[in-house]
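Novice: Please see the structure below; I have some questions.
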Amino acid sequence: NANLAKLRVTPGKLLPSFASDVTQYSVTVGSSIDEVRISFQTSDSGASCSMRGGIEDKLVKLIEGQINRVELVVTAEDGRTVKNYSVDVRRLSANDAILSELEMSIGTLIPRFHPSTQVYSCYLPCSLDTIAVKATAEDQAMSISMVDSDTSMDAIPLSPGCTLVELKVCSANGNGVNHYIIKVIKRPIPYVMTLSSDDRRHLTCAVCWGVLYRPSRINREVQMYCLPCLEELTRTNKTDVFTGQKLEGEWLIEDLKVEALLSKTQAVCRTPTGVVASLVGLIGGLLSKQRNEGKKEEPTENCTNCSKKVPLLNMGVHVELLCLAKYPGSVMKQEVKARSWETRLIDCTLGNEVQRILTTASIIETEFLIALPKGGQSCQELLQRAASCYATAAKLAPNDIRAHLGLALIMEELFYADDLYGIKKEEETEMETEAEISANQEEFDAICNLHGVNPVDGIAQQLKAIEAEYHSLKLSGQMFKAEHVQQLHAWKSKQASQVSYGSLNLDMEGTIVRAIQKLKDCVSVNPCDGASCYNLGRLSLLNEEYDNAAVYLKAALAIMPMFTPACLCLGLVLSFQNCKFAATLLYRGLSEYLATREYDCIANATELSTYKELLSKSFYRPTNSLITEAFLAFAEIGGNDNLVPEACLLHAARCLADARFTYRGATYRKCFWLSLKARSKLLQILVKKKDSMALRHCKELRTLCLNNELPPTNDLRALQIQVCQTGVILQPNSSEALCHLGSAQLAGYEANGDIQLLKEAELNFKASISQEGLDIDPNVVPEELESQVWWRTHKSVQSDTQVDCGTDKKSIPSKNSKGTTASANKHLASQSKAASHLSGQTIPPTKVCKPSGAKTASRPCSGTSIAVTKTSSVPKAVTKSSGTPIPSKAVTKSSSTASIQPKTVAGKSIQPKTVTKISSTNSIPPKTVTKSSGTSTSSKASPAQAIQTTAVPTISNGNTGNVLQVEGQISSHAPITNSPPEASPQCKEKNPKSHLSRLGMARALVKQSGVPEHNSKAVTLYHEVIAMVPELHEAYIELGAILSESEPLAAVEVYCSFPFPSLSAFDDAFLHGEVVRILMSAEKYDDIRLCNSLISLGKAMGIGVLEKNVAVLEAKFKTNLLKQVYAGVHGKPQTDPDLQQFFKFKCW
């Protein structure tokens, strides 16, 4: 034993604290200390310890300003085992200014304190108003003070988000200065806060539309965001969604000036237990006080029929719907036996003791939670080991429900490991043989034929037939056959890349399917097990099997009436079925979620949520899409006094920022879609109320709809159309709004071929061009807009609304000036029918959709009534049902001509930089109005901002991520039934001249085939676009494509007129390739443009891409041209010796 039992340095403090297995330490002493004493004691009395360097009396002389190393050699009793300890003793000089200790009264410094580390973070509950900082200097002669603050370190006031605490340490002689910075971050208020109208304009986030939390902005921009929202928006792509600019360098600025202003702003916060009105900076403390004072048990009452303790709020629901006395216990049962995938998991080396195996599985789950923050394949391996334990226990004890339930939850956790954390599952080693593929295909075709579906009907109809067979077998109790058919569905879906978005049953190689299978085993073993019924109902709800979900969730609540997660899930199912009890159950579940969030934000002082249990066991977490969906459903129902619809929608809108997804899988895409729906519904409320923020939020939502990672499904395109229509209603003569609507309609035409959409897109682009240079006036309606069906319908509905509000009916004609109201309504009705056919649902003009008569209840509509044009080109299986678009691992990108591309090419854009900064000296001038720019497709015309800041020297914080731009919209002529807010008396903006409207107009004209004059107009428009934006590749490509059919050499002129840079990029290569293709086809070998394009193409794509052209030129004996090309590609003269040798080899 060569360990030390004690080691001490006097005076001084060892860092780190002494431990026998730690051998290296450091000590810092003041400049006045000239010697220290080293004392030690060995663990073994027979061992010896000596100090190297001839130090006998254990006193070490120190040199000022230097590090003095003391080495201890411990020799064990055997005389051979030796262990070395070292202590670096640093004697400060009179110029040094460092701390020996830095602590917070509450919370923990991140990273742990070290004298050489100067920047720290500390996370605190939102309930704190002040905090104390304890700082101790190494030398008593040093002084410590706070920078730019007269407050005491014993009571530092805190802002509602981030507070910068900067300590200044001066050396003993006054010449040395050092700064320590602590970024104190309070957790966000868990409830929705309401500000006054004036404050909302400049203290509202552009993404979540809530009150700013940790106000941040992009460098040289005035748009304000919550820091979590901005980080989420830019996590995977450093691009400003609203301007299209690349984010480089120090681009992210956390504005502490706005933070200070926010803390002094009056706000109202409504909670389920009351209303708190105070300054934003004090609301957290008042919420904590209200929570402590309002603590009381929920009133309950025993049911007279089943004797179960039931919440008083739920008694009516329980008696009529959920009473155990009425519960027949006749949930569907199946034979419990090991499936093939379970058999592969069984591990015979685990023994035969079931209890020990289950304990081992529980220990492995704990190890997984510890390893999860680091990620990696070790997490996947731990879950696989736990699954093996549970599968083995289920084999040994088939009637032990713990084994089946544990395996089901592990299967679900495997899905989350991939979908939420990006921990990929290892590839399956099994490969399908040709015989297996052939057998599956034959069985698949046979089932389709049984339902009258032929291969010519398309994969979408075939999958619907398989799904119908699955439900038929399940209803008849043939569960194993149903599972086999479900596997056929998954096999064909994967083969055809038709993976469902809203449901999760086909993701992650069937882990969710396996979880459901094991939960059915649980219910078969014990139908009265509440946990099994709840989990089976919850996963069925996630899988959009609403009838099954209702059965199992009712059973769970009959067994466990106090279980709030089951209340929320059942309330969500009942809301889809228009049940009167949905509101009661949803409110109870959402109240519990908010209470959980409140406790977490008020009592938790950590940065990241600790992984206390599996996600499959943790329901009230922000990453649970069911909670976001529940907020939407409760808002659709109408909410209540404590949780009004606007608050529900704001909670749903900020779900992404609350969740902080580390990986963007199906759950992220679903939550993003739900957040877009929430913003859309909230926008309609603002428009109806004529709220002054409606226009700004409309522009923000329009940008988010057009720039996201969602696949371009029917529901998303319908939402894009709806938002663009709202923008036109708010500003009918806005060139930007008209251009965006035309772009959406053009994309809709490409998706489904509706010629009416194409004509309306042309009208909107034409109107956008006609309004350029004019004032934006909400009372001016372009002539082209008045002739469109959706606009006439909107005006008709608006007139009807005015009649209902008391206007004389006789003064409002039943038809508009052109007598088209009836025809418009007829057109809308036919389109609503087409929408039902397209998306598999009925879309009535009501708030919540009623079941369409299918075996499963339909989901609620996405927003107000949206009519989608009939199409035959879009597969019918693209949407599962209304409400959620279908996420697919193979995301389909729209074509380059689907809509106007949102990037700006004209002019030199400012390139901000990419490291987070904390700015504490930004100025806040009065409210300004930002004019829209004609060179950006995104919302370059940002809403008026009241905060304008200037960058100052700040500290770095770092940042991640971005949002991909996925375009694609679908046809919708649905009316927007709300009136625009009254025009503001502010100074009016003018419509700028933009190339985007001309580009869209040209595209719309080109698509109207068979009209020769349209091509000539399009050519003129393309030339205008090129004159306005010479660097726009798309204009040259599309114009060249028109000309290449009739005038190929004219197309060459267009391609060659592009201002190519000195070094060609990949974007330039296409233009060079087209020049080469046309000239080679025309055999214009002597055209100098051919040589130049061949050289540029070879430089950009590599000499190998010219192989076929070289072969043609060799056959034509164009050796001089070939030598020029090879020399140009390699950047050498033809006389170069190496090239001459190559030419000689090629016989050139």
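FYI, nothing fancy with the structure tokens labels: chains A, B, ... in order, residues from 1 per chain, ligands from 1 as they appear.
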Residues within 12 Å of region 1101-1108 of chain A, please, as a PyMOL selection string. Count only C-alpha atoms; anything in the same chain fewer than 4 positions from it doesn't count.

Specialist: chain A and resi 1063-1070+1072-1073+1076-1077+1080+1091+1093-1097+1112-1115+1122+1125-1130

Novice: Take the residues just selected and output them with N, CA and C atoms as an mmCIF file, in the first residue's frame.

Specialist:
data_model
loop_
_atom_site.group_PDB
_atom_site.id
_atom_site.type_symbol
_atom_site.label_atom_id
_atom_site.label_comp_id
_atom_site.auth_asym_id
_atom_site.auth_seq_id
_atom_site.Cartn_x
_atom_site.Cartn_y
_atom_site.Cartn_z
ATOM 1 N N LEU A 1063 -13.882 31.882 -60.826
ATOM 2 C CA LEU A 1063 -13.869 30.458 -60.515
ATOM 3 C C LEU A 1063 -15.308 29.957 -60.546
ATOM 4 N N SER A 1064 -15.614 29.082 -61.497
ATOM 5 C CA SER A 1064 -16.979 28.599 -61.652
ATOM 6 C C SER A 1064 -17.361 27.688 -60.489
ATOM 7 N N ALA A 1065 -18.591 27.879 -59.981
ATOM 8 C CA ALA A 1065 -19.120 27.034 -58.921
ATOM 9 C C ALA A 1065 -20.034 25.983 -59.525
ATOM 10 N N PHE A 1066 -20.580 25.122 -58.674
ATOM 11 C CA PHE A 1066 -21.457 24.058 -59.165
ATOM 12 C C PHE A 1066 -22.732 24.640 -59.781
ATOM 13 N N ASP A 1067 -23.216 25.773 -59.231
ATOM 14 C CA ASP A 1067 -24.408 26.398 -59.797
ATOM 15 C C ASP A 1067 -24.166 26.882 -61.227
ATOM 16 N N ASP A 1068 -22.930 27.276 -61.510
ATOM 17 C CA ASP A 1068 -22.593 27.746 -62.856
ATOM 18 C C ASP A 1068 -22.436 26.591 -63.846
ATOM 19 N N ALA A 1069 -22.148 25.402 -63.309
ATOM 20 C CA ALA A 1069 -21.827 24.270 -64.185
ATOM 21 C C ALA A 1069 -23.006 23.905 -65.084
ATOM 22 N N PHE A 1070 -24.231 24.059 -64.587
ATOM 23 C CA PHE A 1070 -25.391 23.706 -65.407
ATOM 24 C C PHE A 1070 -25.462 24.583 -66.649
ATOM 25 N N HIS A 1072 -22.981 26.151 -68.155
ATOM 26 C CA HIS A 1072 -21.909 25.744 -69.073
ATOM 27 C C HIS A 1072 -22.277 24.435 -69.768
ATOM 28 N N GLY A 1073 -22.879 23.510 -69.021
ATOM 29 C CA GLY A 1073 -23.271 22.235 -69.603
ATOM 30 C C GLY A 1073 -24.301 22.390 -70.707
ATOM 31 N N VAL A 1076 -22.583 23.685 -73.826
ATOM 32 C CA VAL A 1076 -21.864 22.587 -74.477
ATOM 33 C C VAL A 1076 -22.842 21.669 -75.198
ATOM 34 N N ARG A 1077 -23.955 21.340 -74.559
ATOM 35 C CA ARG A 1077 -24.921 20.427 -75.170
ATOM 36 C C ARG A 1077 -25.487 20.992 -76.478
ATOM 37 N N MET A 1080 -22.635 21.411 -79.225
ATOM 38 C CA MET A 1080 -22.194 20.107 -79.730
ATOM 39 C C MET A 1080 -23.272 19.487 -80.622
ATOM 40 N N CYS A 1091 -15.475 26.209 -76.574
ATOM 41 C CA CYS A 1091 -14.189 25.987 -75.902
ATOM 42 C C CYS A 1091 -14.223 26.541 -74.477
ATOM 43 N N SER A 1093 -16.794 27.129 -72.534
ATOM 44 C CA SER A 1093 -17.720 26.395 -71.665
ATOM 45 C C SER A 1093 -17.166 25.028 -71.302
ATOM 46 N N LEU A 1094 -16.488 24.374 -72.244
ATOM 47 C CA LEU A 1094 -15.861 23.095 -71.926
ATOM 48 C C LEU A 1094 -14.810 23.264 -70.832
ATOM 49 N N ILE A 1095 -14.026 24.313 -70.928
ATOM 50 C CA ILE A 1095 -12.997 24.557 -69.912
ATOM 51 C C ILE A 1095 -13.641 24.833 -68.545
ATOM 52 N N SER A 1096 -14.651 25.693 -68.524
ATOM 53 C CA SER A 1096 -15.297 26.037 -67.252
ATOM 54 C C SER A 1096 -16.006 24.829 -66.648
ATOM 55 N N LEU A 1097 -16.647 24.027 -67.505
ATOM 56 C CA LEU A 1097 -17.334 22.830 -67.014
ATOM 57 C C LEU A 1097 -16.334 21.834 -66.446
ATOM 58 N N VAL A 1112 -16.449 12.575 -78.984
ATOM 59 C CA VAL A 1112 -17.045 13.124 -80.208
ATOM 60 C C VAL A 1112 -16.047 14.005 -80.935
ATOM 61 N N LEU A 1113 -15.326 14.849 -80.199
ATOM 62 C CA LEU A 1113 -14.373 15.762 -80.832
ATOM 63 C C LEU A 1113 -13.195 15.001 -81.440
ATOM 64 N N GLU A 1114 -12.807 13.916 -80.772
ATOM 65 C CA GLU A 1114 -11.736 13.088 -81.342
ATOM 66 C C GLU A 1114 -12.185 12.473 -82.665
ATOM 67 N N ALA A 1115 -13.424 12.033 -82.719
ATOM 68 C CA ALA A 1115 -13.938 11.443 -83.954
ATOM 69 C C ALA A 1115 -14.006 12.473 -85.077
ATOM 70 N N LEU A 1122 -9.325 20.271 -78.563
ATOM 71 C CA LEU A 1122 -9.092 19.403 -77.415
ATOM 72 C C LEU A 1122 -7.869 19.849 -76.628
ATOM 73 N N VAL A 1125 -8.779 22.855 -74.583
ATOM 74 C CA VAL A 1125 -9.620 22.502 -73.438
ATOM 75 C C VAL A 1125 -8.783 21.888 -72.323
ATOM 76 N N TYR A 1126 -7.948 20.913 -72.652
ATOM 77 C CA TYR A 1126 -7.151 20.245 -71.623
ATOM 78 C C TYR A 1126 -6.191 21.227 -70.959
ATOM 79 N N ALA A 1127 -5.596 22.090 -71.765
ATOM 80 C CA ALA A 1127 -4.683 23.085 -71.181
ATOM 81 C C ALA A 1127 -5.445 24.045 -70.275
ATOM 82 N N GLY A 1128 -6.633 24.466 -70.719
ATOM 83 C CA GLY A 1128 -7.419 25.397 -69.899
ATOM 84 C C GLY A 1128 -7.901 24.777 -68.616
ATOM 85 N N VAL A 1129 -8.358 23.524 -68.668
ATOM 86 C CA VAL A 1129 -8.844 22.860 -67.450
ATOM 87 C C VAL A 1129 -7.730 22.718 -66.429
ATOM 88 N N HIS A 1130 -6.532 22.398 -66.882
ATOM 89 C CA HIS A 1130 -5.413 22.208 -65.960
ATOM 90 C C HIS A 1130 -4.673 23.498 -65.644
#

Novice: Quick check, in Å to one decimal: how far apart do CA of Lys395 (chain A) and CA of Leu407 (chain A) lie?

Specialist: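 Spanning CA of Lys395 (chain A) to CA of Leu407 (chain A) is a straight-line distance of 11.5 Å.
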
Novice: Region 511-513 of chain A: which residues within 9 Å, counting only C-alpha atoms, same-chain residues fewer than 5 positions away excluded, as a PDB file with C-alpha atoms, in the first residue's frame?

Specialist:
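Full text of around_37.pdb as output:
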ATOM      1  CA  ALA A 408     -43.285  -2.864 -24.466  1.00  0.00           C
ATOM      2  CA  ILE A 410     -38.324  -0.630 -23.936  1.00  0.00           C
ATOM      3  CA  MET A 411     -39.546  -1.054 -27.525  1.00  0.00           C
ATOM      4  CA  GLU A 412     -41.110   2.405 -27.337  1.00  0.00           C
ATOM      5  CA  GLU A 413     -37.887   3.787 -25.854  1.00  0.00           C
ATOM      6  CA  LEU A 414     -35.943   2.374 -28.795  1.00  0.00           C
ATOM      7  CA  PHE A 415     -38.121   4.480 -31.065  1.00  0.00           C
ATOM      8  CA  GLU A 483     -50.468  -8.417 -37.448  1.00  0.00           C
ATOM      9  CA  GLN A 486     -49.857  -4.990 -40.861  1.00  0.00           C
ATOM     10  CA  LEU A 504     -45.690   6.212 -35.706  1.00  0.00           C
ATOM     11  CA  ASN A 505     -46.507   2.595 -36.499  1.00  0.00           C
ATOM     12  CA  LEU A 506     -44.147   2.225 -39.452  1.00  0.00           C
ATOM     13  CA  LYS A 518     -46.691  -6.512 -26.121  1.00  0.00           C
ATOM     14  CA  LEU A 539     -49.869   4.350 -28.208  1.00  0.00           C
ATOM     15  CA  ASN A 543     -50.894   5.630 -33.977  1.00  0.00           C
TER      16      ASN A 543
END

Novice: Please determine, counting only C-alpha atoms, which residue among A:His114, A:Lys1084, A:His1033, A:Arg356 has the shortest atom-to-atom distance to Tyr1055 (chain A).

Specialist: A:His1033

Novice: For Pro125 (chain A), which residue out of A:Lys1116, A:Arg588, A:Lys186, A:Lys1099 is the nearest one, using only C-alpha atoms?

Specialist: A:Lys186

Novice: Using only C-alpha atoms, determine which residues lie at most 10 Å from region 437-451 of chain A, disregarding the query and same-chain residues fewer than 2 positions distant; provide the list as an NGL selection string.

Specialist: :A and (432-435 or 453-455 or 461-466 or 468-469 or 485 or 487-489 or 491-492)

Novice: Calculated over only C-alpha atoms, which of the candidates A:Ser26, A:Ser476, A:Thr304, A:Ser524 has the smallest distance to Asp88 (chain A)?

Specialist: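 The answer is A:Ser26, which sits nearest to Asp88 (chain A).
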
Novice: Would you pick out the contacts of region 617-620 of chain A at 8 Å or less, using only C-alpha atoms, so that residues sharing its chain but fewer than 3 positions from it are not included, and give the list as a list in words?

Specialist: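 Listed by chain and then number, they are Leu409, Pro565, Tyr593, Thr596, Glu613, Leu614, Asn624 and Ile627 of chain A.
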
Novice: For Gly65 (chain A), work out the shell of residues within 8 Å, counting only C-alpha atoms and skipping chain neighbours fewer than 3 positions away, then give it as a PDB file with all heavy atoms, in the first residue's frame.

Specialist:
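Saved as result37.pdb:
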ATOM      1  N   SER A  31       0.690  36.956  -2.305  1.00  0.00           N
ATOM      2  CA  SER A  31       2.055  37.432  -2.584  1.00  0.00           C
ATOM      3  C   SER A  31       2.867  37.639  -1.324  1.00  0.00           C
ATOM      4  O   SER A  31       4.107  37.669  -1.368  1.00  0.00           O
ATOM      5  CB  SER A  31       1.976  38.753  -3.365  1.00  0.00           C
ATOM      6  OG  SER A  31       1.246  39.724  -2.618  1.00  0.00           O
ATOM      7  N   ARG A  90       1.676  27.883  -6.115  1.00  0.00           N
ATOM      8  CA  ARG A  90       1.883  29.137  -6.836  1.00  0.00           C
ATOM      9  C   ARG A  90       1.808  30.291  -5.845  1.00  0.00           C
ATOM     10  O   ARG A  90       0.805  30.481  -5.156  1.00  0.00           O
ATOM     11  CB  ARG A  90       0.828  29.325  -7.918  1.00  0.00           C
ATOM     12  CG  ARG A  90       0.980  30.637  -8.671  1.00  0.00           C
ATOM     13  CD  ARG A  90      -0.178  30.863  -9.619  1.00  0.00           C
ATOM     14  NE  ARG A  90      -0.050  32.137 -10.313  1.00  0.00           N
ATOM     15  CZ  ARG A  90      -0.989  32.680 -11.071  1.00  0.00           C
ATOM     16  NH1 ARG A  90      -2.135  32.046 -11.240  1.00  0.00           N
ATOM     17  NH2 ARG A  90      -0.789  33.833 -11.666  1.00  0.00           N
ATOM     18  N   ARG A  91       2.879  31.076  -5.798  1.00  0.00           N
ATOM     19  CA  ARG A  91       2.889  32.295  -4.991  1.00  0.00           C
ATOM     20  C   ARG A  91       2.597  33.470  -5.911  1.00  0.00           C
ATOM     21  O   ARG A  91       3.319  33.717  -6.879  1.00  0.00           O
ATOM     22  CB  ARG A  91       4.239  32.490  -4.311  1.00  0.00           C
ATOM     23  CG  ARG A  91       4.313  33.776  -3.489  1.00  0.00           C
ATOM     24  CD  ARG A  91       5.702  33.986  -2.916  1.00  0.00           C
ATOM     25  NE  ARG A  91       5.805  35.272  -2.234  1.00  0.00           N
ATOM     26  CZ  ARG A  91       6.919  35.769  -1.722  1.00  0.00           C
ATOM     27  NH1 ARG A  91       8.069  35.061  -1.824  1.00  0.00           N
ATOM     28  NH2 ARG A  91       6.939  36.946  -1.113  1.00  0.00           N
ATOM     29  N   LEU A  92       1.503  34.113  -5.651  1.00  0.00           N
ATOM     30  CA  LEU A  92       1.104  35.236  -6.497  1.00  0.00           C
ATOM     31  C   LEU A  92       2.100  36.373  -6.404  1.00  0.00           C
ATOM     32  O   LEU A  92       2.751  36.576  -5.373  1.00  0.00           O
ATOM     33  CB  LEU A  92      -0.280  35.734  -6.092  1.00  0.00           C
ATOM     34  CG  LEU A  92      -1.436  34.746  -6.212  1.00  0.00           C
ATOM     35  CD1 LEU A  92      -2.707  35.359  -5.650  1.00  0.00           C
ATOM     36  CD2 LEU A  92      -1.650  34.336  -7.660  1.00  0.00           C
ATOM     37  N   SER A  93       2.147  37.105  -7.501  1.00  0.00           N
ATOM     38  CA  SER A  93       2.936  38.347  -7.456  1.00  0.00           C
ATOM     39  C   SER A  93       2.009  39.488  -7.072  1.00  0.00           C
ATOM     40  O   SER A  93       0.787  39.335  -7.034  1.00  0.00           O
ATOM     41  CB  SER A  93       3.566  38.606  -8.821  1.00  0.00           C
ATOM     42  OG  SER A  93       2.567  38.980  -9.763  1.00  0.00           O
TER      43      SER A  93
END

Novice: Lys374 (chain A): which residues within 12 Å, counting only C-alpha atoms, same-chain residues fewer than 6 positions away excluded, as a VMD selection string?

Specialist: chain A and resid 367 to 368 380 421 to 423 611 662

Novice: At what distance in Å, to one decimal, does CA of Lys759 (chain A) lie from CA of Asn733 (chain A)?

Specialist: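 According to the coordinates, CA of Asn733 (chain A) and CA of Lys759 (chain A) are separated by 18.4 Å.
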
Novice: I need the residue nearest Thr273 (chain A) from this list: A:Asn352, A:Asn642, A:Ser100, A:Gln1141. Use only C-alpha atoms for the distance.

Specialist: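 Of the candidates, the smallest distance to Thr273 (chain A) is held by A:Asn642.
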
Novice: From a DSSP pass on the backbone, collect the residues of region 136-269 of chain A flagged as alpha helix (DSSP H) and hand them back as a VMD selection string.

Specialist: chain A and resid 197 to 202 227 to 233 256 to 263

Novice: So which one's closest to Pro16 (chain A), A:Cys601, A:Ile559, A:Cys303, A:Val87? Using only C-alpha atoms, please.

Specialist: A:Val87

Novice: So how far away is CA of Glu629 (chain A) from CA of Asn314 (chain A), in Å?

Specialist: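 Computing the Euclidean distance for CA of Asn314 (chain A) and CA of Glu629 (chain A) yields 21.1 Å.
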
Novice: Go through A:Arg621, A:His471, A:Arg1003, A:Lys257 one by one, measure the shortest atom-to-atom distance of each to Ser743 (chain A) using only C-alpha atoms, and give the residue with the smallest value.

Specialist: A:Arg1003
